[in-house]
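Student: Got upload_11.cif for you, mmCIF, C-alpha atoms and all ligand atoms:
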data_query
loop_
_atom_site.group_PDB
_atom_site.id
_atom_site.type_symbol
_atom_site.label_atom_id
_atom_site.label_comp_id
_atom_site.auth_asym_id
_atom_site.auth_seq_id
_atom_site.Cartn_x
_atom_site.Cartn_y
_atom_site.Cartn_z
ATOM 1 C CA MET A 1 45.585 94.637 5.851
ATOM 2 C CA GLU A 2 45.777 96.314 9.251
ATOM 3 C CA GLN A 3 42.429 97.554 10.549
ATOM 4 C CA LEU A 4 42.053 101.295 10.941
ATOM 5 C CA CYS A 5 39.816 103.764 12.644
ATOM 6 C CA ILE A 6 39.089 107.447 12.020
ATOM 7 C CA GLY A 7 38.882 110.223 14.612
ATOM 8 C CA ILE A 8 37.063 113.466 13.741
ATOM 9 C CA ASP A 9 37.053 116.692 15.738
ATOM 10 C CA LEU A 10 34.344 118.906 14.311
ATOM 11 C CA GLY A 11 34.891 122.519 15.345
ATOM 12 C CA GLY A 12 33.176 125.790 14.480
ATOM 13 C CA THR A 13 36.105 126.928 12.299
ATOM 14 C CA SER A 14 37.839 123.769 11.143
ATOM 15 C CA ILE A 15 37.323 120.019 11.070
ATOM 16 C CA LYS A 16 40.335 117.968 12.098
ATOM 17 C CA MET A 17 40.533 114.348 11.063
ATOM 18 C CA GLY A 18 42.978 111.530 11.675
ATOM 19 C CA ILE A 19 43.475 107.922 10.604
ATOM 20 C CA PHE A 20 44.580 105.674 13.468
ATOM 21 C CA SER A 21 45.816 102.112 13.564
ATOM 22 C CA ALA A 22 43.793 99.731 15.742
ATOM 23 C CA ASP A 23 46.672 99.881 18.248
ATOM 24 C CA ALA A 24 46.057 103.635 18.490
ATOM 25 C CA LYS A 25 48.878 105.142 16.434
ATOM 26 C CA LEU A 26 48.070 108.308 14.507
ATOM 27 C CA LEU A 27 49.021 107.471 10.902
ATOM 28 C CA LYS A 28 47.809 110.563 9.085
ATOM 29 C CA LYS A 29 45.988 113.774 9.965
ATOM 30 C CA TRP A 30 44.523 116.668 8.029
ATOM 31 C CA GLU A 31 41.939 119.403 8.352
ATOM 32 C CA ILE A 32 39.325 121.198 6.277
ATOM 33 C CA PRO A 33 37.393 124.418 6.967
ATOM 34 C CA THR A 34 33.924 124.173 8.500
ATOM 35 C CA ASP A 35 31.224 125.443 6.166
ATOM 36 C CA THR A 36 28.573 126.863 8.485
ATOM 37 C CA SER A 37 26.498 128.331 5.632
ATOM 38 C CA ASN A 38 22.842 127.237 5.360
ATOM 39 C CA LYS A 39 22.757 126.082 8.986
ATOM 40 C CA GLY A 40 25.740 123.803 8.429
ATOM 41 C CA GLU A 41 23.912 121.513 6.008
ATOM 42 C CA ASN A 42 27.084 120.666 4.034
ATOM 43 C CA ILE A 43 29.285 119.758 6.985
ATOM 44 C CA ILE A 44 28.703 116.006 7.081
ATOM 45 C CA LYS A 45 28.866 115.726 3.286
ATOM 46 C CA ASP A 46 32.190 117.634 3.320
ATOM 47 C CA ILE A 47 33.567 115.305 6.001
ATOM 48 C CA ALA A 48 32.570 112.183 4.063
ATOM 49 C CA LYS A 49 34.053 113.549 0.848
ATOM 50 C CA SER A 50 37.299 114.484 2.534
ATOM 51 C CA ILE A 51 37.644 111.080 4.243
ATOM 52 C CA LYS A 52 37.146 109.276 0.953
ATOM 53 C CA LYS A 53 39.703 111.535 -0.733
ATOM 54 C CA GLU A 54 42.380 111.134 1.960
ATOM 55 C CA LEU A 55 41.888 107.365 2.219
ATOM 56 C CA LYS A 56 42.243 107.076 -1.550
ATOM 57 C CA ALA A 57 45.407 109.201 -1.517
ATOM 58 C CA SER A 58 46.885 106.638 0.899
ATOM 59 C CA ASP A 59 45.705 103.672 -1.201
ATOM 60 C CA LEU A 60 43.067 102.840 1.382
ATOM 61 C CA SER A 61 39.288 102.624 1.369
ATOM 62 C CA ILE A 62 36.507 102.868 3.926
ATOM 63 C CA MET A 63 36.475 99.038 3.925
ATOM 64 C CA ASP A 64 39.822 99.145 5.749
ATOM 65 C CA CYS A 65 38.219 101.045 8.653
ATOM 66 C CA ILE A 66 36.429 99.407 11.554
ATOM 67 C CA GLY A 67 34.741 102.561 12.733
ATOM 68 C CA ILE A 68 34.678 106.321 13.138
ATOM 69 C CA GLY A 69 34.560 108.450 16.280
ATOM 70 C CA MET A 70 33.436 112.074 16.069
ATOM 71 C CA GLY A 71 33.328 114.963 18.533
ATOM 72 C CA VAL A 72 30.723 117.636 17.761
ATOM 73 C CA PRO A 73 30.433 121.085 19.370
ATOM 74 C CA GLY A 74 27.146 120.653 21.195
ATOM 75 C CA PRO A 75 25.304 118.405 23.650
ATOM 76 C CA VAL A 76 24.996 114.832 22.360
ATOM 77 C CA LEU A 77 22.498 112.297 23.663
ATOM 78 C CA LYS A 78 23.255 108.559 23.885
ATOM 79 C CA SER A 79 20.947 107.982 20.913
ATOM 80 C CA GLY A 80 23.220 110.190 18.773
ATOM 81 C CA TYR A 81 20.630 112.977 18.745
ATOM 82 C CA VAL A 82 22.035 116.497 18.721
ATOM 83 C CA LYS A 83 19.453 119.075 19.639
ATOM 84 C CA VAL A 84 21.652 122.100 18.986
ATOM 85 C CA CYS A 85 25.198 123.135 18.030
ATOM 86 C CA VAL A 86 25.131 126.908 18.359
ATOM 87 C CA ASN A 87 28.398 127.479 16.492
ATOM 88 C CA LEU A 88 27.438 125.314 13.501
ATOM 89 C CA GLY A 89 23.819 126.375 13.098
ATOM 90 C CA TRP A 90 22.653 122.761 13.630
ATOM 91 C CA LYS A 91 19.302 121.954 15.194
ATOM 92 C CA ASP A 92 17.678 118.541 15.652
ATOM 93 C CA VAL A 93 20.183 116.381 13.797
ATOM 94 C CA TYR A 94 21.638 112.872 13.896
ATOM 95 C CA PRO A 95 25.081 113.611 12.378
ATOM 96 C CA GLY A 96 26.516 110.148 13.107
ATOM 97 C CA ARG A 97 23.680 108.468 11.237
ATOM 98 C CA GLU A 98 24.079 110.812 8.283
ATOM 99 C CA LEU A 99 27.836 110.183 8.059
ATOM 100 C CA SER A 100 27.378 106.434 8.361
ATOM 101 C CA ASP A 101 24.762 106.442 5.595
ATOM 102 C CA ILE A 102 27.015 108.320 3.180
ATOM 103 C CA LEU A 103 29.975 106.075 3.992
ATOM 104 C CA GLY A 104 28.190 102.789 3.382
ATOM 105 C CA GLY A 105 26.997 101.990 6.899
ATOM 106 C CA ILE A 106 30.290 102.169 8.839
ATOM 107 C CA ALA A 107 29.840 102.410 12.636
ATOM 108 C CA VAL A 108 30.035 106.052 13.777
ATOM 109 C CA TYR A 109 30.326 106.915 17.488
ATOM 110 C CA LEU A 110 29.475 110.419 18.581
ATOM 111 C CA GLY A 111 30.353 112.559 21.571
ATOM 112 C CA ASN A 112 30.515 116.204 22.584
ATOM 113 C CA ASP A 113 33.817 117.728 21.317
ATOM 114 C CA ALA A 114 35.057 118.696 24.794
ATOM 115 C CA ASN A 115 34.080 115.318 26.277
ATOM 116 C CA VAL A 116 35.927 113.593 23.475
ATOM 117 C CA ALA A 117 39.014 115.810 23.905
ATOM 118 C CA ALA A 118 38.974 115.004 27.638
ATOM 119 C CA LEU A 119 38.970 111.331 26.701
ATOM 120 C CA GLY A 120 41.953 111.937 24.390
ATOM 121 C CA GLU A 121 43.987 113.730 27.061
ATOM 122 C CA SER A 122 43.216 111.123 29.685
ATOM 123 C CA TRP A 123 44.132 108.365 27.246
ATOM 124 C CA GLN A 124 47.393 109.669 25.801
ATOM 125 C CA GLY A 125 47.985 113.198 27.091
ATOM 126 C CA ALA A 126 48.243 115.457 30.140
ATOM 127 C CA ALA A 127 45.635 113.530 32.154
ATOM 128 C CA LYS A 128 47.092 110.073 31.481
ATOM 129 C CA ASP A 129 46.686 107.779 34.504
ATOM 130 C CA THR A 130 44.107 110.047 36.149
ATOM 131 C CA GLN A 131 40.533 108.977 36.862
ATOM 132 C CA ASP A 132 39.013 112.399 37.548
ATOM 133 C CA THR A 133 39.725 114.960 34.862
ATOM 134 C CA VAL A 134 38.235 118.164 33.533
ATOM 135 C CA LEU A 135 39.288 119.448 30.118
ATOM 136 C CA VAL A 136 38.362 122.987 29.141
ATOM 137 C CA THR A 137 38.501 123.688 25.433
ATOM 138 C CA ILE A 138 38.830 127.282 24.277
ATOM 139 C CA GLY A 139 38.287 127.748 20.548
ATOM 140 C CA THR A 140 35.394 129.059 18.476
ATOM 141 C CA GLY A 141 33.323 127.998 21.482
ATOM 142 C CA VAL A 142 34.169 127.225 25.084
ATOM 143 C CA GLY A 143 33.299 123.801 26.431
ATOM 144 C CA SER A 144 34.413 121.301 29.005
ATOM 145 C CA GLY A 145 34.579 117.556 29.322
ATOM 146 C CA ILE A 146 34.261 115.984 32.753
ATOM 147 C CA ILE A 147 35.573 112.507 33.496
ATOM 148 C CA ILE A 148 34.843 111.076 36.953
ATOM 149 C CA ASP A 149 35.965 107.598 38.024
ATOM 150 C CA GLY A 150 37.212 107.076 34.480
ATOM 151 C CA LYS A 151 33.803 107.761 32.917
ATOM 152 C CA ILE A 152 32.631 110.758 30.899
ATOM 153 C CA VAL A 153 29.829 112.605 32.679
ATOM 154 C CA VAL A 154 27.255 113.334 29.984
ATOM 155 C CA GLY A 155 24.224 114.236 32.105
ATOM 156 C CA ARG A 156 20.561 113.532 31.509
ATOM 157 C CA HIS A 157 20.312 116.043 28.653
ATOM 158 C CA GLY A 158 23.894 115.955 27.401
ATOM 159 C CA LEU A 159 24.510 119.286 29.127
ATOM 160 C CA ALA A 160 27.142 118.256 31.697
ATOM 161 C CA GLY A 161 30.250 120.405 31.363
ATOM 162 C CA GLU A 162 28.602 123.071 29.182
ATOM 163 C CA ILE A 163 30.902 125.601 30.840
ATOM 164 C CA GLY A 164 30.756 127.978 27.860
ATOM 165 C CA HIS A 165 27.160 128.773 28.722
ATOM 166 C CA ILE A 166 27.741 129.443 32.410
ATOM 167 C CA HIS A 167 26.761 133.024 33.230
ATOM 168 C CA VAL A 168 29.777 135.152 34.148
ATOM 169 C CA GLU A 169 28.844 138.743 33.248
ATOM 170 C CA ASP A 170 25.728 140.669 34.284
ATOM 171 C CA ASN A 171 26.541 143.701 32.142
ATOM 172 C CA GLU A 172 26.266 142.072 28.743
ATOM 173 C CA SER A 173 23.847 143.510 26.244
ATOM 174 C CA LYS A 174 24.642 141.152 23.358
ATOM 175 C CA GLN A 175 22.919 137.809 23.189
ATOM 176 C CA CYS A 176 24.979 134.618 23.131
ATOM 177 C CA ASN A 177 24.300 132.154 20.290
ATOM 178 C CA CYS A 178 22.534 130.035 22.929
ATOM 179 C CA GLY A 179 20.009 132.812 23.603
ATOM 180 C CA ALA A 180 21.262 133.907 27.035
ATOM 181 C CA TYR A 181 23.311 136.978 27.996
ATOM 182 C CA GLY A 182 26.755 137.076 29.638
ATOM 183 C CA CYS A 183 27.907 133.501 28.887
ATOM 184 C CA LEU A 184 31.584 132.609 29.352
ATOM 185 C CA GLU A 185 31.772 131.776 25.649
ATOM 186 C CA GLN A 186 30.814 135.334 24.688
ATOM 187 C CA LEU A 187 33.817 136.673 26.578
ATOM 188 C CA ALA A 188 36.506 134.001 26.531
ATOM 189 C CA SER A 189 36.190 132.084 23.246
ATOM 190 C CA ALA A 190 38.462 132.981 20.321
ATOM 191 C CA THR A 191 35.602 135.047 18.894
ATOM 192 C CA GLY A 192 34.797 136.539 22.300
ATOM 193 C CA ILE A 193 38.405 137.638 22.778
ATOM 194 C CA VAL A 194 38.381 139.435 19.421
ATOM 195 C CA ARG A 195 35.060 141.060 20.319
ATOM 196 C CA LEU A 196 36.467 142.338 23.634
ATOM 197 C CA ALA A 197 39.579 143.586 21.853
ATOM 198 C CA LYS A 198 37.589 145.505 19.240
ATOM 199 C CA ALA A 199 35.406 147.080 21.927
ATOM 200 C CA ALA A 200 38.496 148.086 23.921
ATOM 201 C CA LEU A 201 40.184 149.598 20.866
ATOM 202 C CA GLU A 202 37.140 151.740 20.156
ATOM 203 C CA LYS A 203 37.229 153.286 23.641
ATOM 204 C CA ASP A 204 40.925 153.208 24.557
ATOM 205 C CA LYS A 205 42.994 156.200 23.489
ATOM 206 C CA ARG A 206 46.357 154.563 24.274
ATOM 207 C CA SER A 207 48.358 153.349 21.309
ATOM 208 C CA SER A 208 48.393 149.578 20.889
ATOM 209 C CA LEU A 209 49.968 147.007 18.585
ATOM 210 C CA LEU A 210 46.438 145.770 17.958
ATOM 211 C CA GLN A 211 45.478 148.994 16.153
ATOM 212 C CA ASN A 212 47.630 148.097 13.126
ATOM 213 C CA ILE A 213 46.198 144.628 12.630
ATOM 214 C CA GLU A 214 43.648 144.382 9.867
ATOM 215 C CA LYS A 215 41.950 141.057 10.642
ATOM 216 C CA LEU A 216 42.373 140.725 14.367
ATOM 217 C CA THR A 217 42.565 137.215 15.898
ATOM 218 C CA ALA A 218 42.718 135.895 19.465
ATOM 219 C CA LYS A 219 46.328 134.893 18.737
ATOM 220 C CA ASP A 220 47.162 138.553 17.918
ATOM 221 C CA VAL A 221 45.713 139.611 21.259
ATOM 222 C CA PHE A 222 47.819 137.054 23.166
ATOM 223 C CA ASP A 223 50.964 137.736 21.103
ATOM 224 C CA SER A 224 50.644 141.480 21.688
ATOM 225 C CA ALA A 225 50.057 140.954 25.412
ATOM 226 C CA LYS A 226 53.169 138.763 25.542
ATOM 227 C CA ALA A 227 55.078 141.529 23.749
ATOM 228 C CA GLY A 228 54.117 143.935 26.554
ATOM 229 C CA ASP A 229 51.193 145.754 24.937
ATOM 230 C CA GLU A 230 49.139 147.252 27.795
ATOM 231 C CA VAL A 231 45.776 147.292 26.046
ATOM 232 C CA ALA A 232 46.155 143.660 24.912
ATOM 233 C CA MET A 233 47.315 142.643 28.386
ATOM 234 C CA GLU A 234 44.225 144.149 30.004
ATOM 235 C CA ILE A 235 41.998 142.183 27.620
ATOM 236 C CA VAL A 236 43.885 138.955 28.302
ATOM 237 C CA GLN A 237 43.614 139.540 32.057
ATOM 238 C CA LYS A 238 39.893 140.115 31.757
ATOM 239 C CA VAL A 239 39.442 136.946 29.696
ATOM 240 C CA CYS A 240 41.491 134.890 32.160
ATOM 241 C CA ALA A 241 39.509 136.324 35.072
ATOM 242 C CA TYR A 242 36.278 135.049 33.501
ATOM 243 C CA LEU A 243 37.881 131.672 32.809
ATOM 244 C CA GLY A 244 39.386 131.425 36.301
ATOM 245 C CA VAL A 245 36.105 132.061 38.075
ATOM 246 C CA ALA A 246 34.123 129.650 35.869
ATOM 247 C CA ILE A 247 36.761 126.922 36.191
ATOM 248 C CA SER A 248 36.844 127.328 39.983
ATOM 249 C CA LYS A 249 33.087 126.623 40.021
ATOM 250 C CA VAL A 250 33.577 123.437 38.024
ATOM 251 C CA SER A 251 36.476 122.429 40.258
ATOM 252 C CA LEU A 252 34.422 122.943 43.430
ATOM 253 C CA THR A 253 31.542 121.006 41.888
ATOM 254 C CA VAL A 254 33.309 117.856 40.682
ATOM 255 C CA ASP A 255 36.767 118.110 42.341
ATOM 256 C CA PRO A 256 38.972 116.661 39.586
ATOM 257 C CA GLU A 257 42.585 115.601 39.926
ATOM 258 C CA VAL A 258 43.675 117.819 37.050
ATOM 259 C CA ILE A 259 42.197 120.544 34.839
ATOM 260 C CA VAL A 260 43.533 120.490 31.295
ATOM 261 C CA ILE A 261 43.290 123.546 29.055
ATOM 262 C CA GLY A 262 42.999 122.762 25.330
ATOM 263 C CA GLY A 263 41.560 124.142 22.095
ATOM 264 C CA GLY A 264 43.100 126.622 19.642
ATOM 265 C CA VAL A 265 43.521 129.436 22.210
ATOM 266 C CA SER A 266 45.630 127.125 24.422
ATOM 267 C CA LYS A 267 48.446 127.611 21.902
ATOM 268 C CA ALA A 268 49.135 130.752 23.989
ATOM 269 C CA GLY A 269 50.806 128.264 26.362
ATOM 270 C CA SER A 270 51.765 128.758 29.989
ATOM 271 C CA PHE A 271 51.199 132.513 29.602
ATOM 272 C CA LEU A 272 47.482 131.650 29.420
ATOM 273 C CA THR A 273 47.414 128.925 32.073
ATOM 274 C CA ASP A 274 49.441 131.011 34.563
ATOM 275 C CA LEU A 275 46.958 133.870 34.278
ATOM 276 C CA ILE A 276 43.940 131.564 34.578
ATOM 277 C CA LYS A 277 45.558 129.879 37.581
ATOM 278 C CA LYS A 278 46.098 133.221 39.321
ATOM 279 C CA GLU A 279 42.341 133.894 39.158
ATOM 280 C CA TYR A 280 41.320 130.296 39.888
ATOM 281 C CA LEU A 281 43.387 130.286 43.086
ATOM 282 C CA LYS A 282 41.432 133.297 44.388
ATOM 283 C CA TYR A 283 38.274 131.201 44.470
ATOM 284 C CA THR A 284 39.575 127.787 45.572
ATOM 285 C CA THR A 285 40.907 128.719 48.992
ATOM 286 C CA LEU A 286 38.797 126.212 50.941
ATOM 287 C CA SER A 287 41.553 123.615 50.691
ATOM 288 C CA ASP A 288 44.988 123.829 49.132
ATOM 289 C CA GLU A 289 44.506 120.294 47.857
ATOM 290 C CA HIS A 290 42.712 120.935 44.623
ATOM 291 C CA ALA A 291 43.262 120.325 40.948
ATOM 292 C CA ASP A 292 46.180 121.924 39.177
ATOM 293 C CA ILE A 293 45.633 123.652 35.822
ATOM 294 C CA VAL A 294 47.832 122.315 33.010
ATOM 295 C CA LEU A 295 48.091 122.592 29.241
ATOM 296 C CA ALA A 296 46.772 119.878 26.937
ATOM 297 C CA GLN A 297 49.705 117.748 25.842
ATOM 298 C CA LEU A 298 48.103 116.589 22.635
ATOM 299 C CA GLY A 299 47.440 120.240 21.783
ATOM 300 C CA ASN A 300 44.870 120.570 19.060
ATOM 301 C CA ASP A 301 45.017 116.799 18.384
ATOM 302 C CA ALA A 302 43.269 115.935 21.662
ATOM 303 C CA GLY A 303 39.918 115.823 19.857
ATOM 304 C CA ILE A 304 40.959 113.388 17.122
ATOM 305 C CA TYR A 305 42.703 111.125 19.651
ATOM 306 C CA GLY A 306 39.645 111.107 21.885
ATOM 307 C CA ALA A 307 37.339 110.474 18.935
ATOM 308 C CA ALA A 308 39.474 107.508 17.866
ATOM 309 C CA LYS A 309 39.426 106.219 21.443
ATOM 310 C CA LEU A 310 35.637 106.529 21.517
ATOM 311 C CA ALA A 311 35.372 104.288 18.466
ATOM 312 C CA LEU A 312 38.105 101.857 19.532
ATOM 313 C CA SER A 313 36.590 101.384 23.003
ATOM 314 C CA ALA A 314 33.210 100.618 21.469
ATOM 315 C CA LEU A 315 34.623 98.248 18.886
ATOM 316 C CA THR A 316 37.341 96.295 20.672
HETATM 317 C C1 LIG A 401 28.938 124.142 22.933
HETATM 318 C C2 LIG A 401 29.650 123.006 23.604
HETATM 319 C C3 LIG A 401 31.024 122.825 23.002
HETATM 320 C C4 LIG A 401 31.789 124.132 23.017
HETATM 321 C C5 LIG A 401 33.142 124.025 22.341
HETATM 322 C C6 LIG A 401 29.791 125.392 23.000
HETATM 323 O O1 LIG A 401 29.142 126.438 22.355
HETATM 324 O O2 LIG A 401 27.686 124.381 23.546
HETATM 325 O O3 LIG A 401 28.910 121.817 23.502
HETATM 326 O O4 LIG A 401 31.727 121.846 23.724
HETATM 327 O O5 LIG A 401 31.055 125.146 22.377
HETATM 328 O O6 LIG A 401 33.018 123.704 21.009
#
Represent the structure contained in this file as structure tokens.
Ligand code: BGC

Tutor:
Amino acid sequence: MEQLCIGIDLGGTSIKMGIFSADAKLLKKWEIPTDTSNKGENIIKDIAKSIKKELKASDLSIMDCIGIGMGVPGPVLKSGYVKVCVNLGWKDVYPGRELSDILGGIAVYLGNDANVAALGESWQGAAKDTQDTVLVTIGTGVGSGIIIDGKIVVGRHGLAGEIGHIHVEDNESKQCNCGAYGCLEQLASATGIVRLAKAALEKDKRSSLLQNIEKLTAKDVFDSAKAGDEVAMEIVQKVCAYLGVAISKVSLTVDPEVIVIGGGVSKAGSFLTDLIKKEYLKYTTLSDEHADIVLAQLGNDAGIYGAAKLALSALT
């Protein structure tokens, strides 16, 4: 029997999982919703249950797997300790240990979700063959993974690349899940985009396609902007301005070869990256030799690829 490995991308809204062959082919993928109730206490149990179920459906068992890699949406220390995941409600947890215990002691390797996605894109995606890469993930949260000289930069406290909690707005009265005010994540995550849209709709008297949508999503905002809706376009421009300025700061700090935009919101495609780029270029005028901004090639699978790579690198 061929040996397998599992890649998990744990997000604030959904958990994506994939079974990979030891030579890195994605054999099967699926996703389940993230249950953030009761401070996310069911998440690891749900993951374990779902893995067992999907392996069984393919006539496989956990014994066929050599290891698991998992990206989680928060700072991760080398010991596997996760102090906080603001979008899951987790505090002071060892999620890798818990998963391994439920699944009979299998090796579980943990990383921050954005770091892991950066690993995925530099392994098999848009940053292939680069040594210095930044991946910005825009989903329920906003994060970034920084790879320099082929190595993920984690930082002393696991905080390297926590771009979502960079301050970008002084006039913000609502507190971010992290406790601060005016974080990029409050304004440019999928939830932040919807929040900005709702606030704009309350004030703006112009008619907008967004007014007729019952359960507004970030995708609706981008789709309406693409369709020429003025109100939606102004929101998108505002969001991309925040992203552009924050990304320029990261670029001028670590000077990567490429900046990859991933996460659910990146499904908006080059419409999104072109607008971010326009802003980013305003603040990176020191030299015209700087990183280009591109879309993630693995799309929303970057996280599971990177998680599998994390496990395979540790095991082989
Ligand atoms: C977390 C990051 C994570 C990002 C995307 C942020 O709220 O602090 O660690 O990478 O969300 O999930």

Student: May I ask which of the residues A:Asn87, A:Thr191, A:Ser287, A:Thr253 is the closest one to A:Asn177, counting only C-alpha atoms?

Tutor: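 Among the listed residues, the smallest separation from A:Asn177 belongs to A:Asn87.
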
Student: Give the centre and edge lengths of an axis-aligned box, in Å to one decimal, that holds all listed atoms of ligand LIG 401 (chain A) with 8 Å on each side, as JSON.

Tutor:
{"center_x": 30.4, "center_y": 124.1, "center_z": 22.4, "size_x": 21.5, "size_y": 20.6, "size_z": 18.7}

Student: Counting all atoms listed in the file, which protein, DNA or RNA residues come within 10 Å of ligand LIG 401 (chain A), given as an NGL selection string?

Tutor: :A and (9-13 or 71-76 or 82 or 84-88 or 111-117 or 136-145 or 158-165 or 176-178 or 183-186 or 189 or 263)

Student: Taking the file as shown, find all residues satisfying the PyMOL selection byres (((chain A and resi 94) around 10) and not hetatm) and write them as a list in words.

Tutor: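 With the PyMOL selection byres (((chain A and resi 94) around 10) and not hetatm) on this model, the match is Val76, Leu77, Ser79, Gly80, Tyr81, Val82, Lys83, Trp90, Lys91, Asp92, Val93, Pro95, Gly96, Arg97, Glu98, Leu99 and Leu110 of chain A.
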
Student: Using the chain letters and numbers from this file, what does the PyMOL selection byres (((chain A and resi 152) around 10) and not hetatm) select? Give the answer as a VMD selection string.

Tutor: chain A and resid 111 115 to 116 118 to 119 132 to 134 145 to 151 153 to 155 160 to 161

Student: How many Å lie between atom CA of A:Lys219 and atom CA of A:Gly192, rounded to one decimal?

Tutor: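 Going from atom CA of A:Lys219 over to atom CA of A:Gly192, I get 12.2 Å.
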
Student: To test your reading of the syntax: which residues would the PyMOL selection byres (((chain A and resi 294) around 8) and not hetatm) return for the file shown? Reply as a PyMOL selection string.

Tutor: chain A and resi 126+258-261+273+292-293+295-296
